$ cat data_39.cif   # mmCIF, C-alpha atoms
data_upload
#
loop_
_atom_site.label_atom_id
_atom_site.label_comp_id
_atom_site.auth_asym_id
_atom_site.auth_seq_id
_atom_site.Cartn_x
_atom_site.Cartn_y
_atom_site.Cartn_z
CA MET Y 28 79.21 124.95 132.17
CA ASP Y 29 78.17 123.64 128.75
CA GLN Y 30 75.18 125.07 126.97
CA PRO Y 31 72.29 122.57 127.19
CA ASP Y 32 72.27 121.99 123.42
CA ILE Y 33 76.02 121.82 122.80
CA TRP Y 34 76.13 118.02 122.46
CA ALA Y 35 74.03 115.72 120.31
CA TYR Y 36 74.32 112.00 119.65
CA GLY Y 37 73.76 109.34 117.02
CA LEU Y 38 74.83 105.84 116.10
CA ALA Y 39 78.18 105.41 114.33
CA PRO Y 40 77.76 105.15 110.53
CA ASP Y 41 78.66 101.45 110.39
CA ILE Y 42 76.15 100.47 113.10
CA LEU Y 43 72.95 98.88 111.83
CA LEU Y 44 69.78 98.74 113.90
CA ASP Y 45 67.80 95.54 113.35
CA GLU Y 46 64.36 95.02 114.80
CA ALA Y 47 64.08 91.80 116.84
CA ASP Y 48 61.22 89.96 118.56
CA GLN Y 49 62.28 91.10 122.03
CA GLY Y 50 63.72 94.50 121.09
CA VAL Y 51 66.50 95.62 118.73
CA ASN Y 52 70.02 94.56 117.81
CA LEU Y 53 72.82 97.03 117.13
CA ARG Y 54 75.17 95.30 114.70
CA SER Y 55 78.69 96.27 113.63
CA PRO Y 56 81.30 94.39 111.58
CA SER Y 57 83.04 93.40 114.82
CA GLY Y 58 80.10 92.54 117.08
CA SER Y 59 76.61 93.43 118.22
CA ILE Y 60 74.56 94.54 121.22
CA SER Y 61 71.14 93.04 121.93
CA ILE Y 62 68.77 95.51 123.58
CA THR Y 63 65.57 94.30 125.25
CA ASP Y 64 64.89 96.97 127.89
CA ARG Y 65 61.92 99.01 126.65
CA SER Y 66 63.47 102.39 127.53
CA GLU Y 67 66.79 101.51 125.87
CA VAL Y 68 64.98 100.27 122.76
CA THR Y 69 63.28 103.65 122.51
CA LEU Y 70 66.60 105.44 122.89
CA ALA Y 71 68.31 103.23 120.30
CA ARG Y 72 65.61 103.91 117.71
CA LYS Y 73 65.88 107.64 118.36
CA LEU Y 74 69.68 107.60 118.11
CA ALA Y 75 69.43 105.89 114.72
CA GLN Y 76 68.02 109.20 113.42
CA GLY Y 77 71.29 110.97 114.34
CA GLY Y 78 72.03 114.38 115.83
CA VAL Y 79 69.72 114.01 118.85
CA SER Y 80 70.35 116.01 122.03
CA GLU Y 81 70.33 114.42 125.46
CA ALA Y 82 67.33 116.59 126.39
CA VAL Y 83 65.32 115.18 123.48
CA LEU Y 84 66.40 111.64 124.33
CA THR Y 85 65.37 112.10 127.96
CA ALA Y 86 62.00 113.51 126.90
CA CYS Y 87 61.33 110.32 124.93
CA LEU Y 88 61.26 108.40 128.21
CA ALA Y 89 58.80 110.70 130.01
CA PRO Y 90 57.17 110.37 132.47
CA ASN Y 91 59.84 108.00 133.85
CA PRO Y 92 61.36 109.83 136.86
CA ASP Y 93 64.72 108.11 136.20
CA ALA Y 94 64.76 109.09 132.52
CA ALA Y 95 67.90 111.24 132.80
CA ASP Y 96 69.88 108.50 134.57
CA VAL Y 97 68.68 105.79 132.16
CA CYS Y 98 69.61 107.95 129.18
CA ALA Y 99 73.06 108.85 130.56
CA ALA Y 100 73.85 105.22 131.39
CA PHE Y 101 72.78 104.02 127.94
CA LEU Y 102 74.84 106.69 126.17
CA PHE Y 103 77.88 105.78 128.26
CA ARG Y 104 77.40 102.10 127.45
CA LEU Y 105 77.34 102.81 123.72
CA ASP Y 106 80.26 105.22 124.09
CA GLN Y 107 82.45 102.56 125.66
CA ARG Y 108 81.74 100.17 122.80
CA GLY Y 109 82.60 102.80 120.19
CA PHE Y 110 79.01 102.73 118.88
CA LEU Y 111 78.19 106.39 119.58
CA CYS Y 112 78.79 109.49 117.43
CA ARG Y 113 79.12 112.73 119.37
CA PHE Y 114 78.10 116.01 117.67
CA VAL Y 115 79.01 119.58 118.61
CA ILE Y 116 76.01 121.84 118.05
CA GLN Y 117 75.92 125.62 117.62
CA ASN Y 118 72.76 127.55 116.78
CA SER Y 119 70.92 124.24 116.33
CA LEU Y 120 73.37 123.09 113.62
CA ALA Y 121 76.07 120.42 113.85
CA ILE Y 122 79.50 121.95 113.28
CA SER Y 123 81.51 118.77 113.94
CA VAL Y 124 81.08 115.13 114.84
CA CYS Y 125 83.35 112.58 116.50
CA VAL Y 126 83.11 109.30 114.53
CA PRO Y 127 84.47 106.26 116.41
CA GLN Y 128 86.40 103.51 114.65
CA ARG Y 129 86.61 101.40 117.80
CA ALA Y 130 86.11 101.81 121.56
CA PRO Y 131 87.75 104.95 123.06
CA GLU Y 132 91.03 104.53 124.89
CA THR Y 133 90.06 106.98 127.65
CA GLY Y 134 86.82 108.02 129.33
CA LEU Y 135 84.61 110.92 128.35
CA PRO Y 136 86.05 114.02 126.67
CA THR Y 137 87.11 116.71 129.10
CA PHE Y 138 88.21 120.30 128.48
CA LYS Y 139 91.72 121.09 129.69
CA PRO Y 140 92.40 124.86 129.67
CA ARG Y 141 95.65 125.65 127.90
CA LYS Y 142 97.53 128.82 127.24
CA THR Y 143 98.26 127.66 123.71
CA PHE Y 144 96.45 125.18 121.45
CA ARG Y 145 98.31 123.54 118.58
CA LEU Y 146 97.45 120.70 116.21
CA SER Y 147 99.52 117.55 116.43
CA PRO Y 148 102.07 117.18 113.58
CA GLN Y 149 100.48 113.76 113.02
CA THR Y 150 97.12 115.28 112.04
CA LEU Y 151 95.85 114.56 108.53
CA PHE Y 152 92.92 116.21 106.75
CA GLN Y 153 90.80 114.50 104.13
CA PRO Y 154 88.05 116.13 102.05
CA ASP Y 155 84.64 114.69 102.86
CA LYS Y 156 81.22 115.15 101.29
CA LYS Y 157 80.17 117.53 104.05
CA GLY Y 158 83.48 119.17 104.91
CA PHE Y 159 86.81 117.86 106.17
CA ARG Y 160 87.79 114.81 108.16
CA ALA Y 161 90.57 115.33 110.69
CA MET Y 162 92.43 112.27 111.88
CA VAL Y 163 95.61 111.06 113.49
CA PRO Y 164 96.54 107.64 112.09
CA GLY Y 165 95.99 104.93 114.67
CA SER Y 166 93.63 107.02 116.81
CA TRP Y 167 90.36 105.45 117.91
CA ALA Y 168 88.18 108.12 116.21
CA THR Y 169 88.10 110.85 113.58
CA VAL Y 170 86.56 114.33 113.82
CA ASP Y 171 84.45 115.46 110.87
CA LEU Y 172 84.37 119.25 110.51
CA LEU Y 173 81.03 120.32 109.05
CA ASP Y 174 81.09 124.14 109.24
CA PRO Y 175 83.17 126.38 106.90
CA GLN Y 176 83.83 128.84 109.72
CA ILE Y 177 86.12 126.27 111.35
CA GLY Y 178 88.60 126.69 108.46
CA PRO Y 179 90.39 129.77 109.89
CA LEU Y 180 90.52 128.05 113.28
CA LEU Y 181 92.39 125.09 111.78
CA PHE Y 182 94.91 127.42 110.17
CA LYS Y 183 95.58 129.14 113.48
CA LEU Y 184 95.77 125.81 115.31
CA SER Y 185 98.39 124.57 112.84
CA GLU Y 186 100.80 127.35 113.86
CA GLY Y 187 99.74 127.46 117.50
CA MET Y 188 97.07 129.75 118.86
CA GLU Y 189 96.71 131.61 122.12
CA ALA Y 190 93.43 130.72 123.81
CA THR Y 191 92.57 134.42 124.00
CA GLN Y 192 92.68 134.69 120.20
CA VAL Y 193 89.66 132.45 119.62
CA THR Y 194 87.01 135.13 119.28
CA ASN Y 195 89.26 137.25 117.02
CA CYS Y 196 90.17 134.27 114.86
CA VAL Y 197 86.65 132.96 114.30
CA PRO Y 198 84.08 135.62 115.22
CA GLY Y 199 81.14 133.28 114.59
CA LEU Y 200 82.46 130.52 116.85
CA GLU Y 201 81.07 130.79 120.37
CA LEU Y 202 83.33 130.05 123.31
CA HIS Y 203 81.36 127.01 124.50
CA ALA Y 204 81.49 125.55 120.98
CA PHE Y 205 85.26 126.13 120.83
CA GLU Y 206 85.72 124.37 124.17
CA ALA Y 207 83.62 121.42 122.96
CA LEU Y 208 85.70 121.21 119.79
CA MET Y 209 88.91 121.20 121.81
CA ARG Y 210 87.48 118.40 123.95
CA LEU Y 211 86.97 116.29 120.84
CA PHE Y 212 90.38 117.25 119.43
CA GLU Y 213 92.09 116.26 122.69
CA TRP Y 214 90.03 113.06 122.96
CA CYS Y 215 90.93 112.01 119.40
CA ASP Y 216 94.66 112.84 119.69
CA LEU Y 217 94.48 115.83 117.33
CA LEU Y 218 96.23 118.26 119.69
CA ASP Y 219 99.97 118.51 120.24
CA GLY Y 220 101.46 117.90 123.65
CA THR Y 221 101.06 114.16 124.03
CA ALA Y 222 103.80 112.48 126.01
CA LYS Y 223 103.81 109.45 123.70
CA THR Y 224 106.66 109.08 121.23
CA GLN Y 225 105.11 109.03 117.77
CA PRO Y 226 106.56 107.01 114.87
CA PRO Y 227 106.49 108.53 111.37
CA VAL Y 228 102.90 109.22 110.32
CA HIS Y 229 103.11 107.16 107.12
CA GLU Y 230 104.15 104.08 109.13
CA VAL Y 231 101.19 104.42 111.49
CA LEU Y 232 98.80 105.08 108.61
CA PHE Y 233 99.96 101.98 106.74
CA HIS Y 234 99.94 99.81 109.86
CA SER Y 235 96.52 100.93 111.08
CA HIS Y 236 94.95 100.35 107.66
CA THR Y 237 96.33 96.84 107.25
CA ARG Y 238 96.05 95.29 110.72
CA LEU Y 239 93.02 94.17 112.69
CA GLY Y 240 91.85 96.02 115.79
CA PHE Y 241 92.27 99.63 114.69
CA THR Y 242 88.79 99.82 113.18
CA ARG Y 243 85.69 97.67 113.02
CA THR Y 244 86.32 97.11 109.31
CA LYS Y 245 87.08 93.49 108.54
CA LEU Y 246 90.18 92.88 106.45
CA GLY Y 247 90.38 90.05 103.94
CA LYS Y 248 88.86 89.05 100.65
CA THR Y 249 86.22 91.51 99.50
CA GLY Y 250 85.79 90.50 95.87
CA LYS Y 251 86.73 88.10 93.09
CA PRO Y 252 89.50 89.31 90.79
CA GLN Y 253 89.76 88.53 87.11
CA THR Y 254 92.36 86.11 85.79
CA PHE Y 255 95.80 87.68 85.62
CA ARG Y 256 97.96 87.49 82.50
CA GLN Y 257 101.70 87.79 82.96
CA THR Y 258 102.64 89.26 79.58
CA ALA Y 259 100.96 90.93 76.64
CA LYS Y 260 102.00 88.11 74.28
CA ASP Y 261 100.39 84.66 74.25
CA ILE Y 262 103.68 83.01 73.24
CA PRO Y 263 106.98 84.23 74.73
CA ASP Y 264 109.80 85.24 72.37
CA ILE Y 265 112.16 82.77 74.03
CA ALA Y 266 110.75 79.41 75.13
CA LEU Y 267 112.86 78.01 77.96
CA PRO Y 268 113.32 74.25 78.45
CA LEU Y 269 111.87 72.79 81.64
CA PRO Y 270 114.62 71.32 83.83
CA ASN Y 271 114.36 67.73 85.02
CA VAL Y 272 112.96 67.90 88.55
CA ALA Y 273 114.35 64.50 89.54
CA ASP Y 274 117.86 65.58 88.56
CA LEU Y 275 117.56 68.79 90.60
CA ILE Y 276 116.35 66.86 93.65
CA ALA Y 277 119.19 64.35 93.33
CA SER Y 278 121.89 67.02 93.11
CA ASP Y 279 120.54 69.56 95.61
CA PRO Y 280 122.26 70.01 98.97
CA PRO Y 281 120.11 69.50 102.10
CA HIS Y 282 117.71 72.36 102.88
CA LEU Y 283 119.17 72.90 106.34
CA LEU Y 284 122.64 73.35 104.87
CA VAL Y 285 121.31 75.80 102.27
CA SER Y 286 119.31 77.85 104.78
CA ARG Y 287 122.22 78.07 107.23
CA SER Y 288 124.60 79.09 104.46
CA ARG Y 289 122.29 81.69 102.97
CA ARG Y 290 123.79 85.15 102.76
CA SER Y 291 123.10 88.32 100.80
CA ARG Y 292 125.96 88.16 98.28
CA ARG Y 293 126.73 91.47 96.60
CA ASP Y 294 130.07 90.48 95.07
CA GLN Y 295 129.69 88.68 91.75
CA GLY Y 296 132.19 86.61 89.80
CA ARG Y 297 134.11 87.55 86.70
CA THR Y 298 132.37 84.88 84.65
CA SER Y 299 128.90 85.92 83.52
CA ILE Y 300 125.85 83.96 84.57
CA ASN Y 301 124.58 81.88 81.63
CA LEU Y 302 121.12 81.26 80.21
CA ALA Y 303 121.03 77.68 81.53
CA GLN Y 304 121.59 78.90 85.10
CA LEU Y 305 119.03 81.66 84.68
CA ASN Y 306 116.55 79.16 83.26
CA GLU Y 307 116.97 76.90 86.27
CA LEU Y 308 116.63 79.80 88.72
CA LEU Y 309 113.41 81.00 87.09
CA PHE Y 310 112.02 77.47 87.09
CA ARG Y 311 112.82 76.93 90.76
CA CYS Y 312 111.46 80.28 91.93
CA PHE Y 313 108.74 81.49 89.55
CA TYR Y 314 107.42 78.71 87.32
CA GLN Y 315 103.67 78.32 87.74
CA GLU Y 316 102.27 74.79 87.52
CA ASN Y 317 98.62 73.94 88.14
CA GLY Y 318 98.00 77.50 89.32
CA HIS Y 319 100.71 77.49 92.00
CA ARG Y 320 104.28 78.68 92.39
CA SER Y 321 106.94 77.77 94.94
CA TYR Y 322 106.17 80.80 97.14
CA PRO Y 323 102.94 81.86 98.89
CA SER Y 324 100.64 84.55 97.52
CA GLY Y 325 97.47 86.05 99.00
CA GLY Y 326 94.55 84.10 97.56
CA ALA Y 327 97.01 82.40 95.17
CA LEU Y 328 96.65 85.46 92.93
CA TYR Y 329 100.35 85.65 92.05
CA SER Y 330 100.04 89.21 90.84
CA LEU Y 331 103.82 89.70 90.60
CA THR Y 332 105.46 89.86 87.18
CA THR Y 333 109.18 89.07 87.10
CA TYR Y 334 111.35 91.25 84.88
CA LEU Y 335 115.00 90.63 84.16
CA LEU Y 336 117.24 93.56 83.35
CA VAL Y 337 120.07 91.71 81.64
CA ASN Y 338 123.44 93.43 81.68
CA ARG Y 339 125.68 90.38 81.20
CA CYS Y 340 124.31 86.90 80.59
CA ASP Y 341 125.81 84.25 78.33
CA GLY Y 342 123.10 83.46 75.78
CA LEU Y 343 120.95 86.58 76.17
CA VAL Y 344 121.16 89.96 74.45
CA PRO Y 345 121.30 92.82 77.00
CA GLY Y 346 117.92 94.41 77.62
CA LEU Y 347 114.75 94.13 79.69
CA TYR Y 348 112.79 90.85 79.59
CA ALA Y 349 109.46 89.82 81.10
CA TYR Y 350 109.15 86.26 82.38
CA ASP Y 351 105.96 84.33 81.64
CA ALA Y 352 105.46 82.05 84.64
CA ALA Y 353 102.80 79.89 83.00
CA SER Y 354 104.64 79.30 79.71
CA HIS Y 355 108.17 79.41 81.18
CA GLY Y 356 109.56 81.81 78.65
CA LEU Y 357 111.02 85.27 78.18
CA THR Y 358 109.75 88.19 76.11
CA MET Y 359 111.97 91.16 75.41
CA VAL Y 360 110.34 94.41 76.54
CA THR Y 361 113.09 96.72 75.28
CA LYS Y 362 116.71 96.57 74.20
CA PHE Y 363 119.36 98.03 76.47
CA THR Y 364 118.86 101.79 76.85
CA ARG Y 365 120.19 104.66 78.93
CA ALA Y 366 117.15 104.35 81.20
CA LEU Y 367 118.00 100.71 81.90
CA LYS Y 368 121.60 101.68 82.61
CA GLY Y 369 120.25 104.15 85.17
CA LEU Y 370 118.32 101.36 86.91
CA LEU Y 371 121.50 99.29 87.08
CA GLU Y 372 123.43 102.20 88.53
CA ASP Y 373 120.71 102.77 91.14
CA ALA Y 374 120.90 99.08 92.08
CA ALA Y 375 124.67 99.23 92.43
CA ALA Y 376 124.39 102.27 94.68
CA SER Y 377 121.68 100.59 96.76
CA ALA Y 378 123.85 97.51 97.25
CA ASN Y 379 127.01 99.60 97.74
CA CYS Y 380 128.67 97.81 94.82
CA ALA Y 381 131.54 99.18 92.77
CA SER Y 382 130.22 97.76 89.48
CA ASN Y 383 126.83 97.05 87.92
CA THR Y 384 125.16 93.71 88.49
CA GLN Y 385 125.01 91.00 85.84
CA ILE Y 386 121.22 90.72 86.14
CA LEU Y 387 118.80 92.96 88.00
CA LEU Y 388 115.64 91.05 88.87
CA LEU Y 389 112.64 93.39 89.13
CA LEU Y 390 109.23 92.59 90.60
CA SER Y 391 106.18 94.50 89.44
CA SER Y 392 102.69 93.94 90.82
CA ASP Y 393 99.31 94.16 89.09
CA MET Y 394 97.62 95.99 91.96
CA ALA Y 395 94.18 96.00 90.33
CA ILE Y 396 93.52 92.32 90.90
CA THR Y 397 94.83 92.41 94.46
CA ARG Y 398 92.78 95.53 95.29
CA THR Y 399 89.67 93.91 93.83
CA ALA Y 400 90.17 90.87 96.03
CA TYR Y 401 91.52 92.42 99.23
CA GLY Y 402 90.75 96.16 99.28
CA ASP Y 403 92.92 98.11 101.73
CA LEU Y 404 94.98 95.01 102.47
CA ALA Y 405 96.30 94.81 98.89
CA TYR Y 406 99.63 96.62 99.20
CA SER Y 407 100.48 94.96 102.50
CA LEU Y 408 99.88 91.51 100.99
CA THR Y 409 101.97 92.47 97.95
CA LEU Y 410 104.95 93.37 100.13
CA LYS Y 411 104.60 90.12 102.07
CA GLU Y 412 104.67 88.26 98.75
CA VAL Y 413 107.80 90.15 97.73
CA GLY Y 414 109.46 89.05 100.98
CA ALA Y 415 108.59 85.42 100.20
CA VAL Y 416 110.11 85.81 96.73
CA TYR Y 417 113.29 87.30 98.21
CA GLN Y 418 113.79 84.28 100.46
CA ASN Y 419 112.85 81.90 97.66
CA VAL Y 420 115.43 83.35 95.27
CA GLN Y 421 118.13 83.54 97.91
CA LEU Y 422 117.74 79.89 98.93
CA ALA Y 423 117.67 78.73 95.31
CA SER Y 424 120.71 80.87 94.49
CA GLU Y 425 122.58 79.42 97.46
CA ALA Y 426 121.78 75.88 96.31
CA MET Y 427 122.93 76.77 92.77
CA LYS Y 428 126.07 78.60 93.97
CA LEU Y 429 124.90 81.92 92.53
CA ALA Y 430 125.28 85.36 94.10
CA ALA Y 431 121.99 87.03 95.01
CA CYS Y 432 121.16 90.07 97.11
CA PRO Y 433 117.76 91.69 97.79
CA LEU Y 434 117.64 95.48 97.57
CA GLY Y 435 115.70 97.89 99.74
CA THR Y 436 114.57 100.32 97.07
CA GLY Y 437 114.40 101.08 93.36
CA ASN Y 438 113.31 103.84 90.99
CA SER Y 439 109.61 103.15 90.46
CA LEU Y 440 109.07 106.21 88.24
CA ALA Y 441 111.89 105.30 85.86
CA PHE Y 442 110.71 101.68 85.65
CA ALA Y 443 107.11 102.75 84.93
CA LYS Y 444 108.33 104.83 81.99
CA VAL Y 445 110.35 101.93 80.60
CA ILE Y 446 107.45 99.46 80.62
CA GLY Y 447 104.83 102.09 79.74
CA GLN Y 448 102.59 101.41 82.76
CA ASN Y 449 101.04 103.50 85.50
CA VAL Y 450 103.39 103.77 88.48
CA TYR Y 451 100.61 102.93 90.96
CA ASP Y 452 98.65 100.34 88.96
CA THR Y 453 101.70 98.19 88.21
CA PRO Y 454 104.31 99.49 90.63
CA LEU Y 455 107.87 98.27 91.01
CA VAL Y 456 107.82 96.64 94.44
CA GLY Y 457 111.03 94.60 94.67
CA GLU Y 458 114.56 94.32 93.27
CA MET Y 459 117.37 91.77 93.55
CA ILE Y 460 120.83 91.60 92.01
CA ILE Y 461 121.72 88.22 90.54
CA GLY Y 462 124.97 86.94 89.10
CA SER Y 463 127.60 84.22 89.09
CA SER Y 464 129.73 83.68 92.15
CA GLU Y 465 132.93 82.75 90.32
#
$ encode --input "data_39.cif" --output "structure tokens"
Amino acid sequence: MDQPDIWAYGLAPDILLDEADQGVNLRSPSGSISITDRSEVTLARKLAQGGVSEAVLTACLAPNPDAADVCAAFLFRLDQRGFLCRFVIQNSLAISVCVPQRAPETGLPTFKPRKTFRLSPQTLFQPDKKGFRAMVPGSWATVDLLDPQIGPLLFKLSEGMEATQVTNCVPGLELHAFEALMRLFEWCDLLDGTAKTQPPVHEVLFHSHTRLGFTRTKLGKTGKPQTFRQTAKDIPDIALPLPNVADLIASDPPHLLVSRSRRSRRDQGRTSINLAQLNELLFRCFYQENGHRSYPSGGALYSLTTYLLVNRCDGLVPGLYAYDAASHGLTMVTKFTRALKGLLEDAAASANCASNTQILLLLSSDMAITRTAYGDLAYSLTLKEVGAVYQNVQLASEAMKLAACPLGTGNSLAFAKVIGQNVYDTPLVGEMIIGSSE
């Protein structure tokens, strides 16, 4: 039997209480509840204070003989919407709180006696202003740990703890408080023993932070980014001539033929790609006219910068070049170095090629402008843009009879050193090998 003051309640942090003519509205980013019943209005206002026990809530409705039932029904209603925080109290102090991100997937928390308690391998801990936040990515709620004495308990739970060890492990933690904590841990998927097959934790974390439905947080544009500049120079070192669009249209094969013939082509020809071919490819795939390019970008930000690591190209000195999409030109970043050779070797290994590519196309993203505009969605949108670029380049290469192949990975740390940028502010997010086919 729980102690009478073991549980306390409050509204979730993202729930706003607005006074209305007929009562109050509880508003969240994903919806609202209108409350007009006088007793429920009283309870809602009290819950907005946070950390209120059920006994105190019931007393607010006195002398209503049905106060306990009204209170329990209202708490359950809020619980099932994911609007209710649930605190564990010991000695009149909150030692933890369950913070919902959405409606719970199961009913109320229940204590299941176990011989051994162990944390799920999926559990992550994040420092918070008042302690630690424990979470399993994708779960409907987090558990905030507010009392330092819980620290030793977490250590024991990480290695697996016999239930009989509780009092020895944390002398100040009372048994009923431990059982309440384990209820929350079980309810929020923090304990091992689930029958569900879990994907890698980083996949779930990424997915749950970039898709709707996992939390009440709305994803999308959150700000207005500043204008993005492709290169540090106003005028590129090498101005490229703009191809004649009418001539390209007249000579291009039908799109259906190109798309059905498209393949990832790792094998390149003996003859080097030339500057005229490279110029045409850049124009087709990356040239920016009237603020738009030939591939989609979140908010038309076009935060990707195209770099060309030139190994063999007729008309270009080997080295690393940055492409200016607005001016249609190339600026040399650095001459050919050992570090660039390492990037080529990594690309060859990634593509399972015997020799280094003629040109390694590298995509770097200015994450600052995308983060400013889209918040948590920024990296996901960046990768989607990279995928659009991959398809764009492959179709253009097929039409031009060039060999192109997207790669799955690249050395971001080495690239950051070469261009002198922070590996997370302007990360390397995509690579393709490009060359002649004959």
$ closest_residue --input "data_39.cif" --among "Y:Leu146, Y:Leu404, Y:Leu181, Y:Ala190" --to "Cys215 (chain Y)" --atoms "all atoms listed in the file"
Y:Leu146
$ closest_residue --input "data_39.cif" --among "Y:Asn91, Y:Gln149, Y:Ser119, Y:Ser464" --to "Thr298 (chain Y)" --atoms "all atoms listed in the file"
Y:Ser464
$ closest_residue --input "data_39.cif" --among "Y:Gly240, Y:Phe114, Y:His229, Y:Asp155" --to "Pro56 (chain Y)" --atoms "all atoms listed in the file"
Y:Gly240
$ closest_residue --input "data_39.cif" --among "Y:Trp167, Y:Tyr406, Y:Tyr36, Y:Tyr350" --to "Lys73 (chain Y)" --atoms "only C-alpha atoms"
Y:Tyr36
$ resolve_selection --input "data_39.cif" --expression "the PyMOL selection byres ((chain Y and resi 69) around 12)" --output "list in words"
Leu44, Glu46, Gly50, Val51, Ile62, Thr63, Asp64, Arg65, Ser66, Glu67, Val68, Leu70, Ala71, Arg72, Lys73, Leu74, Ala75, Gln76, Val83, Leu84, Thr85, Ala86, Cys87, Leu88, Ala89, Ala94, Val97, Cys98 and Phe101 of chain Y
$ closest_residue --input "data_39.cif" --among "Y:Ser123, Y:Asn195, Y:Thr237, Y:Gln385" --to "Leu211 (chain Y)" --atoms "all atoms listed in the file"
Y:Ser123
$ atom_distance --input "data_39.cif" --atom1 "CA of Gly250 (chain Y)" --atom2 "CA of Tyr334 (chain Y)"
27.8 Å
$ closest_residue --input "data_39.cif" --among "Y:Ser377, Y:Thr409, Y:Thr332, Y:Thr358" --to "Gly346 (chain Y)" --atoms "only C-alpha atoms"
Y:Thr358
$ atom_distance --input "data_39.cif" --atom1 "CA of Gly199 (chain Y)" --atom2 "CA of Met162 (chain Y)"
24.0 Å
$ resolve_selection --input "data_39.cif" --expression "the PyMOL selection byres ((chain Y and resi 117) around 8)" --output "NGL selection string"
:Y and (32-33 or 115-116 or 118-122 or 201 or 204)
$ residues_around --input "data_39.cif" --residues "Pro179 (chain Y)" --least-positions-apart "2" --cutoff "12 Å" --atoms "all atoms listed in the file" --output "list in words"
Asp174, Pro175, Gln176, Ile177, Leu181, Phe182, Lys183, Leu184, Ser185, Glu186, Met188, Gln192, Val193, Thr194, Asn195, Cys196, Val197, Pro198, Gly199 and Leu200 of chain Y
$ resolve_selection --input "data_39.cif" --expression "the PyMOL selection byres ((chain Y and resi 413-428) around 9)" --output "NGL selection string"
:Y and (279-282 or 284-286 or 288-291 or 304 or 307-309 or 311-313 or 321-324 or 331 or 390 or 408-412 or 429-433 or 456-459 or 461 or 463-465)
$ residues_around --input "data_39.cif" --residues "Ser382 (chain Y)" --least-positions-apart "2" --cutoff "10 Å" --atoms "all atoms listed in the file" --output "PDB file with C-alpha atoms, keeping the file's coordinate frame"
ATOM      1  CA  ASP Y 294     130.070  90.480  95.070  1.00  0.00           C
ATOM      2  CA  GLN Y 295     129.690  88.680  91.750  1.00  0.00           C
ATOM      3  CA  LEU Y 371     121.500  99.290  87.080  1.00  0.00           C
ATOM      4  CA  GLU Y 372     123.430 102.200  88.530  1.00  0.00           C
ATOM      5  CA  ALA Y 374     120.900  99.080  92.080  1.00  0.00           C
ATOM      6  CA  ALA Y 375     124.670  99.230  92.430  1.00  0.00           C
ATOM      7  CA  ALA Y 376     124.390 102.270  94.680  1.00  0.00           C
ATOM      8  CA  ASN Y 379     127.010  99.600  97.740  1.00  0.00           C
ATOM      9  CA  CYS Y 380     128.670  97.810  94.820  1.00  0.00           C
ATOM     10  CA  THR Y 384     125.160  93.710  88.490  1.00  0.00           C
ATOM     11  CA  GLN Y 385     125.010  91.000  85.840  1.00  0.00           C
TER      12      GLN Y 385
END
$ atom_distance --input "data_39.cif" --atom1 "CA of Gly158 (chain Y)" --atom2 "CA of Glu132 (chain Y)"
25.9 Å
$ build_atoms --input "data_39.cif" --residues "region 344-354 of chain Y" --atoms "N, CA and C atoms" --output "tab-separated table (two decimals), in the coordinates of the input"
chain	number	residue	atom	x	y	z
Y	344	VAL	N	120.80	88.60	74.85
Y	344	VAL	CA	121.16	89.96	74.45
Y	344	VAL	C	120.80	90.91	75.59
Y	345	PRO	N	121.64	91.86	75.94
Y	345	PRO	CA	121.30	92.82	77.00
Y	345	PRO	C	119.98	93.53	76.70
Y	346	GLY	N	119.21	93.76	77.75
Y	346	GLY	CA	117.92	94.41	77.62
Y	346	GLY	C	117.00	94.03	78.76
Y	347	LEU	N	115.74	94.44	78.66
Y	347	LEU	CA	114.75	94.13	79.69
Y	347	LEU	C	113.81	93.04	79.17
Y	348	TYR	N	113.64	91.98	79.96
Y	348	TYR	CA	112.79	90.85	79.59
Y	348	TYR	C	111.70	90.66	80.65
Y	349	ALA	N	110.53	90.22	80.19
Y	349	ALA	CA	109.46	89.82	81.10
Y	349	ALA	C	109.37	88.30	81.09
Y	350	TYR	N	109.25	87.72	82.26
Y	350	TYR	CA	109.15	86.26	82.38
Y	350	TYR	C	107.70	85.85	82.45
Y	351	ASP	N	107.31	84.89	81.62
Y	351	ASP	CA	105.96	84.33	81.64
Y	351	ASP	C	105.98	83.07	82.50
Y	352	ALA	N	105.39	83.15	83.67
Y	352	ALA	CA	105.46	82.05	84.64
Y	352	ALA	C	104.68	80.83	84.18
Y	353	ALA	N	103.61	81.02	83.44
Y	353	ALA	CA	102.80	79.89	83.00
Y	353	ALA	C	103.44	79.16	81.83
Y	354	SER	N	104.04	79.91	80.90
Y	354	SER	CA	104.64	79.30	79.71
Y	354	SER	C	106.13	79.02	79.88
